[in-house]
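The next block is coords12.cif, given as mmCIF, C-alpha atoms.
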data_coords
loop_
_atom_site.label_atom_id
_atom_site.label_comp_id
_atom_site.auth_asym_id
_atom_site.auth_seq_id
_atom_site.Cartn_x
_atom_site.Cartn_y
_atom_site.Cartn_z
CA MET Q 1 0.00 0.00 0.00
CA SER Q 2 1.06 3.61 -0.41
CA GLY Q 3 1.16 3.91 3.37
CA GLU Q 4 1.52 6.89 5.68
CA GLY Q 5 -2.07 7.98 4.94
CA THR Q 6 -1.01 10.23 2.06
CA ALA Q 7 -2.49 10.42 -1.41
CA PRO Q 8 -0.21 9.02 -4.13
CA ARG Q 9 1.77 11.49 -6.18
CA LEU Q 10 1.29 11.47 -9.96
CA LEU Q 11 4.16 13.14 -11.81
CA LEU Q 12 3.84 13.41 -15.59
CA VAL Q 13 7.17 14.14 -17.28
CA SER Q 14 6.58 16.34 -20.33
CA GLY Q 15 8.67 18.18 -22.91
CA ALA Q 16 9.63 18.27 -26.56
CA GLY Q 17 11.02 15.25 -28.37
CA GLY Q 18 14.72 14.78 -27.68
CA ALA Q 19 14.62 16.58 -24.34
CA GLY Q 20 15.56 13.42 -22.43
CA ARG Q 21 12.15 12.73 -20.88
CA THR Q 22 12.56 8.96 -20.60
CA VAL Q 23 15.94 9.14 -18.88
CA LEU Q 24 14.71 11.76 -16.41
CA ALA Q 25 11.41 9.95 -15.79
CA THR Q 26 13.42 6.81 -15.01
CA ALA Q 27 15.83 8.77 -12.82
CA LEU Q 28 12.89 10.40 -11.01
CA ALA Q 29 11.26 7.01 -10.41
CA THR Q 30 14.57 5.65 -9.14
CA ARG Q 31 14.88 8.50 -6.64
CA ALA Q 32 11.21 8.29 -5.65
CA ALA Q 33 11.61 4.58 -4.92
CA GLY Q 34 13.79 5.56 -1.97
CA HIS Q 35 10.74 7.23 -0.39
CA GLY Q 36 8.21 4.46 -0.99
CA ARG Q 37 6.87 2.04 -3.55
CA THR Q 38 6.98 3.66 -6.99
CA LEU Q 39 5.54 2.85 -10.40
CA LEU Q 40 7.01 4.05 -13.70
CA VAL Q 41 4.47 4.17 -16.55
CA THR Q 42 5.61 4.35 -20.15
CA VAL Q 43 3.32 4.76 -23.15
CA GLY Q 44 3.79 3.82 -26.79
CA ARG Q 45 3.83 1.13 -29.43
CA VAL Q 46 7.24 -0.16 -28.30
CA VAL Q 47 9.16 -0.21 -25.03
CA ASP Q 48 12.18 2.10 -24.82
CA PRO Q 49 15.45 0.08 -24.80
CA LEU Q 50 16.36 1.78 -21.51
CA LEU Q 51 13.61 -0.20 -19.79
CA ALA Q 52 13.62 -3.35 -21.90
CA ASP Q 53 15.51 -5.49 -19.35
CA GLY Q 54 12.88 -4.96 -16.63
CA THR Q 55 15.34 -3.95 -13.93
CA GLY Q 56 15.09 -1.04 -11.52
CA PRO Q 57 14.05 -0.30 -7.91
CA PHE Q 58 10.53 0.57 -9.09
CA ASP Q 59 7.65 -1.31 -10.70
CA HIS Q 60 7.22 -0.67 -14.42
CA VAL Q 61 4.19 -0.98 -16.66
CA HIS Q 62 4.11 -0.22 -20.37
CA LEU Q 63 0.80 0.89 -21.90
CA ASN Q 64 0.36 0.04 -25.57
CA PRO Q 65 -2.65 2.10 -26.78
CA VAL Q 66 -3.52 -0.42 -29.52
CA GLU Q 67 -3.66 -3.27 -27.01
CA LEU Q 68 -5.73 -1.20 -24.57
CA LEU Q 69 -8.18 -0.35 -27.35
CA ALA Q 70 -8.51 -4.01 -28.41
CA GLN Q 71 -9.08 -5.16 -24.80
CA TRP Q 72 -11.73 -2.50 -24.19
CA TRP Q 73 -13.48 -3.22 -27.49
CA ALA Q 74 -13.55 -6.96 -26.80
CA GLY Q 75 -15.23 -6.42 -23.43
CA LEU Q 76 -17.71 -3.91 -24.80
CA SER Q 77 -18.68 -6.03 -27.80
CA ALA Q 78 -19.24 -9.03 -25.52
CA THR Q 79 -21.56 -6.92 -23.37
CA VAL Q 80 -23.53 -5.72 -26.39
CA ARG Q 81 -23.88 -9.23 -27.80
CA ALA Q 82 -25.09 -10.49 -24.46
CA GLY Q 83 -27.57 -7.62 -24.27
CA ARG Q 84 -28.93 -8.52 -27.70
CA GLY Q 85 -29.24 -12.13 -26.72
CA LEU Q 86 -26.91 -13.08 -29.54
CA ALA Q 87 -24.34 -15.82 -29.43
CA ASP Q 88 -20.76 -14.95 -30.29
CA GLY Q 89 -20.45 -14.47 -34.02
CA ALA Q 90 -24.21 -14.40 -34.60
CA ASP Q 91 -25.74 -12.05 -37.15
CA ALA Q 92 -26.77 -8.70 -35.68
CA GLY Q 93 -29.93 -8.72 -37.78
CA SER Q 94 -31.19 -6.04 -40.10
CA SER Q 95 -30.58 -3.01 -37.88
CA GLY Q 96 -28.13 -1.55 -40.38
CA PHE Q 97 -25.94 -0.33 -37.50
CA ASP Q 98 -23.48 -2.75 -36.00
CA PRO Q 99 -20.17 -1.19 -34.91
CA PHE Q 100 -19.29 -4.43 -33.16
CA ALA Q 101 -18.98 -6.24 -36.46
CA LEU Q 102 -15.39 -5.04 -36.09
CA GLU Q 103 -13.26 -7.52 -34.17
CA PRO Q 104 -10.61 -6.29 -31.68
CA PRO Q 105 -7.64 -7.32 -33.88
CA GLU Q 106 -9.00 -5.06 -36.63
CA LEU Q 107 -8.62 -1.94 -34.51
CA THR Q 108 -5.25 -0.38 -35.28
CA GLY Q 109 -5.94 3.17 -34.11
CA LEU Q 110 -8.69 5.39 -32.75
CA ALA Q 111 -6.92 8.44 -31.36
CA ASP Q 112 -9.27 9.92 -28.76
CA ALA Q 113 -10.35 6.50 -27.50
CA GLU Q 114 -6.70 5.45 -27.16
CA HIS Q 115 -5.87 8.57 -25.12
CA VAL Q 116 -8.90 8.04 -22.89
CA LEU Q 117 -7.98 4.40 -22.26
CA VAL Q 118 -4.36 5.32 -21.46
CA LEU Q 119 -5.61 7.85 -18.91
CA ARG Q 120 -8.00 5.28 -17.47
CA ALA Q 121 -5.13 2.86 -16.96
CA ILE Q 122 -2.98 5.55 -15.33
CA ARG Q 123 -5.83 6.59 -13.03
CA GLY Q 124 -6.36 2.95 -12.08
CA HIS Q 125 -2.76 2.62 -10.93
CA VAL Q 126 -2.92 5.91 -9.02
CA GLU Q 127 -6.15 4.96 -7.25
CA SER Q 128 -5.07 1.38 -6.52
CA GLY Q 129 -3.40 2.48 -3.29
CA ALA Q 130 -0.38 0.34 -4.15
CA TYR Q 131 2.02 3.21 -4.80
CA ARG Q 132 3.27 6.31 -3.07
CA THR Q 133 4.50 7.80 -6.36
CA VAL Q 134 3.49 7.18 -9.96
CA VAL Q 135 5.83 8.65 -12.59
CA VAL Q 136 4.58 8.79 -16.18
CA ASP Q 137 6.98 9.17 -19.09
CA GLY Q 138 4.65 11.35 -21.12
CA PRO Q 139 4.51 11.70 -24.90
CA ALA Q 140 6.09 14.58 -26.80
CA PHE Q 141 4.27 17.88 -26.57
CA ASP Q 142 1.63 17.46 -29.31
CA GLY Q 143 0.79 13.99 -28.02
CA LEU Q 144 0.63 15.33 -24.48
CA VAL Q 145 -1.93 17.98 -25.43
CA SER Q 146 -4.02 15.33 -27.20
CA LEU Q 147 -3.78 13.04 -24.17
CA LEU Q 148 -4.86 15.74 -21.72
CA THR Q 149 -7.68 17.16 -23.82
CA ALA Q 150 -9.17 13.90 -25.15
CA PRO Q 151 -11.57 13.23 -22.23
CA SER Q 152 -13.19 16.67 -22.16
CA SER Q 153 -13.33 16.83 -25.97
CA LEU Q 154 -14.91 13.40 -26.26
CA ALA Q 155 -17.45 14.16 -23.52
CA ALA Q 156 -18.39 17.45 -25.18
CA TYR Q 157 -18.73 15.87 -28.62
CA LEU Q 158 -20.96 13.06 -27.37
CA GLU Q 159 -23.18 15.42 -25.41
CA ARG Q 160 -23.43 17.75 -28.39
CA VAL Q 161 -24.39 15.14 -30.99
CA TRP Q 162 -26.39 12.83 -28.69
CA PRO Q 163 -27.36 14.45 -25.33
CA ARG Q 164 -27.56 12.08 -22.41
CA HIS Q 165 -31.24 12.72 -21.69
CA VAL Q 166 -31.98 11.65 -25.28
CA ARG Q 167 -29.78 8.55 -25.05
CA LEU Q 168 -31.49 7.40 -21.87
CA SER Q 169 -35.02 8.15 -23.04
CA GLY Q 170 -34.94 5.07 -25.27
CA PRO Q 171 -35.08 4.64 -29.04
CA THR Q 172 -37.69 6.69 -30.81
CA SER Q 173 -37.25 4.93 -34.12
CA GLY Q 174 -35.25 2.19 -35.77
CA PRO Q 175 -34.60 -1.38 -34.66
CA ALA Q 176 -34.06 -1.82 -30.95
CA ALA Q 177 -30.92 -3.88 -31.46
CA GLY Q 178 -29.17 -1.07 -33.31
CA ALA Q 179 -30.24 1.48 -30.69
CA LEU Q 180 -28.98 -0.80 -27.92
CA ALA Q 181 -25.61 -1.16 -29.61
CA ALA Q 182 -25.28 2.61 -30.00
CA LEU Q 183 -26.35 3.23 -26.40
CA LEU Q 184 -23.94 0.67 -24.98
CA LEU Q 185 -21.16 2.25 -27.02
CA ALA Q 186 -21.92 5.89 -26.19
CA GLU Q 187 -22.96 5.70 -22.55
CA PRO Q 188 -19.84 3.98 -21.16
CA LEU Q 189 -17.63 6.29 -23.23
CA ALA Q 190 -19.44 9.40 -22.03
CA GLY Q 191 -19.28 8.37 -18.38
CA LEU Q 192 -15.61 7.44 -18.64
CA ALA Q 193 -14.80 10.68 -20.48
CA ASP Q 194 -16.50 12.76 -17.78
CA GLN Q 195 -14.62 10.96 -15.00
CA LEU Q 196 -11.26 11.32 -16.71
CA ALA Q 197 -11.87 14.99 -17.57
CA ALA Q 198 -12.33 15.60 -13.82
CA PHE Q 199 -9.20 13.55 -13.10
CA VAL Q 200 -7.08 15.57 -15.54
CA ALA Q 201 -8.50 18.84 -14.16
CA ASP Q 202 -7.55 17.96 -10.56
CA ARG Q 203 -4.28 19.81 -10.04
CA SER Q 204 -3.66 17.96 -6.76
CA ALA Q 205 -3.81 14.66 -8.67
CA LEU Q 206 -1.78 15.39 -11.81
CA GLU Q 207 1.45 17.35 -11.80
CA LEU Q 208 3.74 18.16 -14.71
CA VAL Q 209 7.52 18.08 -14.71
CA HIS Q 210 8.51 19.96 -17.88
CA VAL Q 211 11.91 19.12 -19.40
CA VAL Q 212 13.90 21.54 -21.56
CA THR Q 213 17.40 21.39 -23.01
CA GLY Q 214 19.77 24.31 -23.43
CA ASP Q 215 20.00 23.88 -27.19
CA PRO Q 216 19.39 27.03 -29.27
CA GLY Q 217 15.68 27.71 -29.72
CA ARG Q 218 14.55 25.19 -27.12
CA PRO Q 219 13.77 27.67 -24.30
CA ALA Q 220 11.65 29.80 -26.66
CA ARG Q 221 9.78 26.68 -27.75
CA ALA Q 222 9.36 25.64 -24.11
CA ARG Q 223 7.81 29.00 -23.30
CA GLU Q 224 5.24 28.46 -26.07
CA GLU Q 225 4.54 24.94 -24.81
CA LEU Q 226 4.08 26.17 -21.25
CA ALA Q 227 1.79 28.95 -22.49
CA ALA Q 228 -0.35 26.35 -24.26
CA LEU Q 229 -0.45 24.19 -21.14
CA GLU Q 230 -1.50 27.25 -19.13
CA VAL Q 231 -4.45 27.74 -21.49
CA LEU Q 232 -5.42 24.18 -20.52
CA GLY Q 233 -5.16 25.12 -16.85
CA LEU Q 234 -1.84 23.39 -16.18
CA ARG Q 235 1.37 24.66 -14.66
CA PRO Q 236 4.44 22.49 -14.03
CA VAL Q 237 5.53 21.62 -10.52
CA ALA Q 238 9.08 22.26 -11.74
CA LEU Q 239 11.10 23.03 -14.87
CA VAL Q 240 14.13 20.84 -15.61
CA LEU Q 241 16.99 22.26 -17.66
CA ASN Q 242 18.50 19.02 -18.90
CA ARG Q 243 21.74 17.76 -20.45
CA LEU Q 244 23.96 20.59 -19.24
CA ILE Q 245 27.71 20.36 -19.69
CA THR Q 246 30.13 21.76 -17.14
CA VAL Q 247 33.39 23.43 -18.15
CA ASP Q 248 35.91 24.28 -15.46
CA ASP Q 249 38.59 26.98 -15.50
CA ARG Q 250 41.19 24.65 -17.01
CA PHE Q 251 39.31 24.56 -20.32
CA ALA Q 252 40.45 27.37 -22.63
CA LEU Q 253 37.32 28.43 -24.50
CA ASP Q 254 39.23 30.96 -26.62
CA LEU Q 255 41.22 28.35 -28.56
CA PRO Q 256 40.51 28.35 -32.34
CA HIS Q 257 39.93 24.57 -32.55
CA PRO Q 258 36.53 23.51 -34.06
CA ALA Q 259 35.77 21.31 -31.02
CA VAL Q 260 36.41 24.24 -28.70
CA ARG Q 261 34.15 26.46 -30.77
CA LEU Q 262 31.43 23.83 -30.50
CA VAL Q 263 31.76 23.68 -26.71
CA ARG Q 264 31.88 27.47 -26.48
CA SER Q 265 28.67 27.72 -28.51
CA ARG Q 266 26.92 25.16 -26.35
CA VAL Q 267 27.98 26.86 -23.12
CA ALA Q 268 26.70 30.20 -24.43
CA ALA Q 269 23.38 28.58 -25.40
CA GLN Q 270 23.11 27.06 -21.92
CA ASP Q 271 23.65 30.45 -20.32
CA ASP Q 272 20.93 31.95 -22.52
CA ALA Q 273 18.61 29.08 -21.60
CA ARG Q 274 19.21 29.65 -17.88
CA GLU Q 275 18.25 33.29 -18.28
CA ALA Q 276 15.15 32.52 -20.35
CA LEU Q 277 13.92 29.79 -18.00
CA ALA Q 278 14.58 31.94 -14.95
CA GLU Q 279 12.19 34.52 -16.39
CA VAL Q 280 9.51 31.90 -17.02
CA ALA Q 281 10.04 30.36 -13.58
CA THR Q 282 9.56 33.77 -11.95
CA VAL Q 283 6.27 34.29 -13.80
CA LEU Q 284 5.01 30.83 -12.84
CA ASP Q 285 6.60 30.83 -9.37
CA ARG Q 286 8.16 27.44 -10.04
CA PRO Q 287 11.73 26.18 -9.46
CA VAL Q 288 14.24 25.36 -12.17
CA VAL Q 289 16.15 22.13 -11.58
CA GLU Q 290 19.39 21.63 -13.52
CA ALA Q 291 20.42 18.16 -14.71
CA ALA Q 292 23.91 17.45 -16.03
CA GLU Q 293 24.74 15.61 -19.25
CA ALA Q 294 25.64 12.03 -18.39
CA LEU Q 295 29.30 11.20 -18.80
CA GLU Q 296 28.45 7.75 -20.18
CA PRO Q 297 25.47 6.54 -22.22
CA VAL Q 298 22.49 5.78 -19.93
CA LEU Q 299 21.51 2.26 -20.97
CA THR Q 300 19.89 0.83 -17.81
CA PRO Q 301 17.67 2.16 -15.01
CA ALA Q 302 20.55 1.70 -12.57
CA ALA Q 303 22.67 4.09 -14.66
CA THR Q 304 20.11 6.88 -14.19
CA ALA Q 305 21.05 7.04 -10.51
CA ALA Q 306 24.27 8.75 -11.64
CA VAL Q 307 22.37 11.68 -13.20
CA GLU Q 308 23.46 14.82 -11.35
CA TRP Q 309 20.34 16.76 -10.38
CA ASP Q 310 18.19 17.61 -7.38
CA ALA Q 311 15.27 15.24 -7.87
CA ASP Q 312 14.15 15.87 -4.30
CA ALA Q 313 13.33 19.45 -5.26
CA ILE Q 314 10.60 17.92 -7.41
CA LEU Q 315 9.52 15.17 -5.03
CA ASP Q 316 9.26 17.58 -2.10
CA ALA Q 317 7.62 20.46 -3.99
CA ALA Q 318 4.05 21.48 -3.30
CA PRO Q 319 1.62 21.20 -6.25
CA ALA Q 320 1.57 24.21 -8.54
CA VAL Q 321 -1.19 26.74 -7.86
CA VAL Q 322 -3.08 27.50 -11.06
CA PRO Q 323 -5.22 30.66 -10.98
CA VAL Q 324 -8.90 29.95 -11.60
CA PRO Q 325 -11.13 32.25 -13.67
CA GLU Q 326 -12.49 35.10 -11.57
CA VAL Q 327 -15.74 37.05 -11.87
CA ARG Q 328 -15.62 40.76 -10.94
CA SER Q 329 -18.48 43.21 -10.74
CA LEU Q 330 -17.85 46.40 -12.70
CA GLY Q 331 -20.88 48.17 -11.24
CA GLY Q 332 -24.46 48.81 -12.25
CA ALA Q 333 -27.60 46.92 -11.34
CA GLY Q 334 -30.28 44.98 -13.18
CA LEU Q 335 -29.94 45.23 -16.94
CA ASP Q 336 -27.29 47.93 -16.48
CA ALA Q 337 -24.94 45.59 -14.57
CA ARG Q 338 -21.52 44.83 -16.03
CA TYR Q 339 -19.26 41.93 -15.13
CA GLU Q 340 -15.69 41.00 -15.95
CA TRP Q 341 -14.54 37.40 -16.33
CA ALA Q 342 -10.76 37.21 -15.98
CA VAL Q 343 -8.28 34.35 -16.32
CA ALA Q 344 -4.52 34.71 -15.79
CA LEU Q 345 -2.51 33.73 -18.89
CA PRO Q 346 0.81 35.55 -18.39
CA LEU Q 347 2.81 33.50 -20.92
CA VAL Q 348 0.30 33.67 -23.75
CA ASP Q 349 0.91 35.68 -26.92
CA PRO Q 350 -2.20 37.94 -27.10
CA ALA Q 351 -2.14 37.76 -30.90
CA THR Q 352 -3.07 34.07 -30.70
CA ILE Q 353 -6.15 34.55 -28.49
CA GLY Q 354 -9.62 33.79 -29.81
CA LEU Q 355 -12.95 33.50 -27.98
CA GLY Q 356 -16.19 31.65 -28.63
CA ARG Q 357 -19.37 30.74 -26.80
CA VAL Q 358 -21.07 27.34 -26.82
CA GLU Q 359 -24.23 27.31 -24.72
CA GLU Q 360 -23.07 27.71 -21.09
CA ASP Q 361 -19.36 27.47 -21.90
CA VAL Q 362 -16.78 29.93 -23.14
CA VAL Q 363 -14.17 28.54 -25.54
CA VAL Q 364 -10.71 30.06 -25.15
CA GLU Q 365 -8.27 29.51 -27.99
CA ALA Q 366 -4.62 30.51 -27.73
CA GLN Q 367 -1.19 29.10 -28.59
CA GLY Q 368 -2.82 26.57 -30.90
CA VAL Q 369 -5.01 24.89 -28.26
CA ARG Q 370 -8.64 25.27 -27.20
CA ARG Q 371 -10.28 24.92 -23.81
CA ARG Q 372 -13.96 24.93 -22.91
CA ILE Q 373 -14.64 26.52 -19.53
CA ARG Q 374 -18.04 26.41 -17.84
CA LEU Q 375 -19.27 29.91 -16.99
CA PRO Q 376 -20.55 30.69 -13.49
CA SER Q 377 -24.34 30.91 -13.25
CA VAL Q 378 -24.53 34.72 -13.26
CA LEU Q 379 -22.68 34.92 -16.61
CA ARG Q 380 -24.79 32.25 -18.30
CA ARG Q 381 -27.59 34.81 -18.48
CA CYS Q 382 -25.26 37.39 -20.03
CA VAL Q 383 -23.78 38.16 -23.43
CA VAL Q 384 -20.20 39.15 -24.25
CA ALA Q 385 -19.69 42.90 -24.62
CA GLY Q 386 -15.95 42.96 -25.25
CA ALA Q 387 -12.56 41.43 -24.39
CA THR Q 388 -9.06 42.71 -23.66
CA TYR Q 389 -5.69 41.30 -22.63
CA GLU Q 390 -4.09 43.36 -19.88
CA GLU Q 391 -1.40 42.70 -17.26
CA GLY Q 392 -1.18 39.04 -18.22
CA GLU Q 393 -4.94 38.48 -17.96
CA LEU Q 394 -7.62 37.72 -20.49
CA ARG Q 395 -10.54 39.93 -19.44
CA VAL Q 396 -13.99 39.40 -20.96
CA THR Q 397 -16.80 41.86 -20.27
CA PHE Q 398 -20.38 40.56 -19.92
CA VAL Q 399 -23.71 42.39 -19.78
CA PRO Q 400 -27.15 40.93 -18.98
CA ASP Q 401 -29.15 39.36 -21.79
CA PRO Q 402 -32.58 41.06 -21.63
CA GLU Q 403 -34.24 37.90 -22.95
CA VAL Q 404 -33.29 35.75 -19.93
CA TRP Q 405 -32.24 38.19 -17.18
CA PRO Q 406 -34.60 38.07 -14.17
CA ARG Q 407 -36.88 41.10 -13.88
CA GLY Q 408 -36.49 43.03 -10.64
#
Is it possible to give me this structure as C-alpha cells?
Amino acid sequence: MSGEGTAPRLLLVSGAGGAGRTVLATALATRAAGHGRTLLVTVGRVVDPLLADGTGPFDHVHLNPVELLAQWWAGLSATVRAGRGLADGADAGSSGFDPFALEPPELTGLADAEHVLVLRAIRGHVESGAYRTVVVDGPAFDGLVSLLTAPSSLAAYLERVWPRHVRLSGPTSGPAAGALAALLLAEPLAGLADQLAAFVADRSALELVHVVTGDPGRPARAREELAALEVLGLRPVALVLNRLITVDDRFALDLPHPAVRLVRSRVAAQDDAREALAEVATVLDRPVVEAAEALEPVLTPAATAAVEWDADAILDAAPAVVPVPEVRSLGGAGLDARYEWAVALPLVDPATIGLGRVEEDVVVEAQGVRRRIRLPSVLRRCVVAGATYEEGELRVTFVPDPEVWPRG
C-alpha cells in the first residue's frame, strides 16, 4: 500500500522530443523509490530500450494504446452481444448499424479513444493504493496535449451530438438492437470521459515536470509549450533544464579549434537558456532544476542514478497553484450591470487569443489549443460585450441578456 495515509503522487514528465524525458522519468522514479513504492508508466507502441531489461528499484508498466483499445473493445462487444441475446459471431440482424462487427484485432488506431484508455489505466494505478508515487513518461508535446484534452473533448462531442437525456429516453425509431448497440457504445464512453476529464482537471492529482534542453531555440519553444499548457489550466511543478555540460577553468574556450568552438557555442546557449527559463520560472513561481549531461550513455535504469540533479526538489515540492477564472463586478444593477470574467494567462501571446461561446461554456483559444470553460451561473444569463488582454490576464466583459435576465 502507499502507506503513511497520504495520497499518491502522480508526476507526468513532459517536454519536446529529444529533451531526455525517458531518462529523467526513469531517474525520477529511481529517486522516488527511496521514499516508498513507486511505479514508472511508459506509453507507446514499443518499449524504450532503456527499460527493456525490466530492472530497476521501481515497478514498471508499459501501456500500448492499440492493445488497450482491443481489450476495451472486446469487453464492450461481448456486453452488447449479451444484451442482444446473440451468441458470439451471430448475425446482428437487419438493424443496419453494428459497430461491433469489427473484431478487436481489426482496430489499429482510434486516437481519442486510445488517449482516454491510457488515462483510465494511469488513473487505475494511481487509485489502486499500491504506490506512493506514480511517474509517467509522457509523450512529446503534441501527443501530451491530445492526451490531456481527449476526455473533455470526447465528452463534449458526445453530449453535443447525442445528449444524455436523449440517449437514456430510449429509441424513438429504428430497430431496438441497433439502438442498444449505440447506447452501450456511447454511454460507457461518455461516463468514462467525464470521469477522466475531472481527473485531468484535478491539479492535486496530476502534476507536470517539464523538461527543456539548453540547445538554441529550445527555451523559446518551451515558453510556447508552457503557455499552451496554461491555457489548458496546467502549470508544471518544476522546470528541468537538462543535459547541461560543465566546463571548469582549465578549459580554454578561446582556442581556435573547431571542437572548442562547439563547446563554447553550447555553453553560451546554456547560459541563454538559464536566463530565459529563470524569467519563465519567476512568472510561474516554479523552481528550475538543472540536470547534467551524463558522462556515459544511460543504458539501464541503474545508470540513471548517476544523473546529477536535485530530484528531491521535485519530489518535495508542493503542487503548482493554477489561478482559476475570476468574476468581478464592474458596477451597475439589473440590466445595467456589467461583469468581468478574468483568467490569468501571463505566458500567452495575445495575438493568438480567440474567444467563442457554446451554450453555457466559453471557448478560449490561444497558442494553438482550445479549452472549454463552464461559466458561473450569473454569466450564463449574459452576453459578451468585449474582451481585452491586460497585465497578463484575459478579461472578458459581460452584460445581462434582456431575454433571460430576471426582472427586478
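Here atom CA of Q:Ala155 is placed at a distance of 19.4 Å from atom CA of Q:Pro65.
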Subject >> Spatial neighbours of Q:Gly331, max dist 12 Å, only C-alpha atoms, sep filter under 6 positions, as JSON, numbers by chain >> reply: {"Q": [337, 338, 339, 340, 397, 398, 399]}
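Matched in the shown structure by the PyMOL selection byres ((chain Q and resi 21) around 10): Leu12, Val13, Ser14, Gly15, Ala16, Gly17, Gly18, Ala19, Gly20, Thr22, Val23, Leu24, Ala25, Thr26, Ala27, Val136, Asp137, Gly138, Pro139, Ala140, Val209, His210, Val211, Val212, Val240 and Asn242 of chain Q.
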Original post:
So which residues are close to (-7.6, 30.7, -15.8), meaning at most 7 Å away in the file's coordinates with all atoms listed in the file counted, and can you show them as a list in words?
Top reply: Gly233, Pro323, Val324, Pro325, Val343, Ala344 and Leu345 of chain Q
Original post:
When the PyMOL selection byres ((chain Q and resi 350-356) around 7) is applied to the file above, which residues end up in the set, as number ranges by chain?
Top reply: Q: 348-349, 357-358, 362-367, 389
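Taken over the whole file, the PyMOL selection byres ((chain Q and resi 322) around 12) covers exactly Ala201, Asp202, Arg203, Ser204, Glu207, Leu229, Glu230, Val231, Leu232, Gly233, Leu234, Arg235, Pro236, Val237, Val283, Leu284, Asp285, Arg286, Pro319, Ala320, Val321, Pro323, Val324, Pro325, Val343, Ala344, Leu345 and Pro346 of chain Q.
For the set Q:Gly143, Q:Pro297, Q:Pro219, Q:Gly191, the residue with the smallest atom-to-atom gap to Q:Ala278 is Q:Pro219, counting only C-alpha atoms.
Take the candidates Q:Val267, Q:Val369, Q:Glu293, Q:Thr42 and check each one against Q:Leu148 using only C-alpha atoms; the shortest distance goes to Q:Val369.
When atom CA of Q:Arg132 is paired with atom CA of Q:Ala238, their separation reads 19.1 Å.
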Original post:
With only C-alpha atoms as the atoms that count, which of Q:Leu206, Q:Leu295, Q:Ala156, Q:Thr6 lies nearest to Q:Asp361?
Top reply: Q:Ala156
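Checking Q:Val126, Q:Ala121, Q:Val166, Q:Leu196 one by one against Q:Thr149, counting only C-alpha atoms, you find the shortest gap at Q:Leu196.
The two atoms in question, atom CA of Q:Leu277 and atom CA of Q:Asp142, are spaced 20.8 Å apart.
Once Q:Arg266 and its same-chain neighbours fewer than 5 positions away are set aside, Q:Gly214, Q:Asp215, Q:Pro216, Q:Leu244, Q:Ile245, Q:Arg261, Q:Asp271 remain within 9 Å of it when counting all atoms listed in the file.
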Original post:
Between Q:Leu117, Q:Leu379, Q:Leu76, Q:Leu147, which is the closest to Q:Asn64 once you count all atoms listed in the file?
Top reply: Q:Leu117
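Nearest-residue note for Q:Glu326: choosing from Q:Arg380, Q:Arg371, Q:Arg395, Q:Arg223, the minimum distance belongs to Q:Arg395, counting all atoms listed in the file.
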Q:Pro57: which residues within 8 Å, counting only C-alpha atoms, same-chain residues fewer than 2 positions away excluded, as an mmCIF file with C-alpha atoms, keeping the file's coordinate frame?
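Once everything was written out, this is part-v3.cif:
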data_model
loop_
_atom_site.group_PDB
_atom_site.id
_atom_site.type_symbol
_atom_site.label_atom_id
_atom_site.label_comp_id
_atom_site.auth_asym_id
_atom_site.auth_seq_id
_atom_site.Cartn_x
_atom_site.Cartn_y
_atom_site.Cartn_z
ATOM 1 C CA THR Q 30 14.570 5.650 -9.140
ATOM 2 C CA ALA Q 33 11.610 4.580 -4.920
ATOM 3 C CA THR Q 55 15.340 -3.950 -13.930
ATOM 4 C CA ASP Q 59 7.650 -1.310 -10.700
#
Counting only C-alpha atoms, which residues sit no farther than 8 Å from the position (-13.9, 14.5, -20.3) in the file's frame? I'd like them as a PDB file with C-alpha atoms, keeping the file's coordinate frame.
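Generated output (part-v6.pdb):
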ATOM      1  CA  THR Q 149      -7.680  17.160 -23.820  1.00  0.00           C
ATOM      2  CA  ALA Q 150      -9.170  13.900 -25.150  1.00  0.00           C
ATOM      3  CA  PRO Q 151     -11.570  13.230 -22.230  1.00  0.00           C
ATOM      4  CA  SER Q 152     -13.190  16.670 -22.160  1.00  0.00           C
ATOM      5  CA  SER Q 153     -13.330  16.830 -25.970  1.00  0.00           C
ATOM      6  CA  LEU Q 154     -14.910  13.400 -26.260  1.00  0.00           C
ATOM      7  CA  ALA Q 155     -17.450  14.160 -23.520  1.00  0.00           C
ATOM      8  CA  ALA Q 156     -18.390  17.450 -25.180  1.00  0.00           C
ATOM      9  CA  ALA Q 190     -19.440   9.400 -22.030  1.00  0.00           C
ATOM     10  CA  LEU Q 192     -15.610   7.440 -18.640  1.00  0.00           C
ATOM     11  CA  ALA Q 193     -14.800  10.680 -20.480  1.00  0.00           C
ATOM     12  CA  ASP Q 194     -16.500  12.760 -17.780  1.00  0.00           C
ATOM     13  CA  GLN Q 195     -14.620  10.960 -15.000  1.00  0.00           C
ATOM     14  CA  LEU Q 196     -11.260  11.320 -16.710  1.00  0.00           C
ATOM     15  CA  ALA Q 197     -11.870  14.990 -17.570  1.00  0.00           C
ATOM     16  CA  ALA Q 198     -12.330  15.600 -13.820  1.00  0.00           C
TER      17      ALA Q 198
END
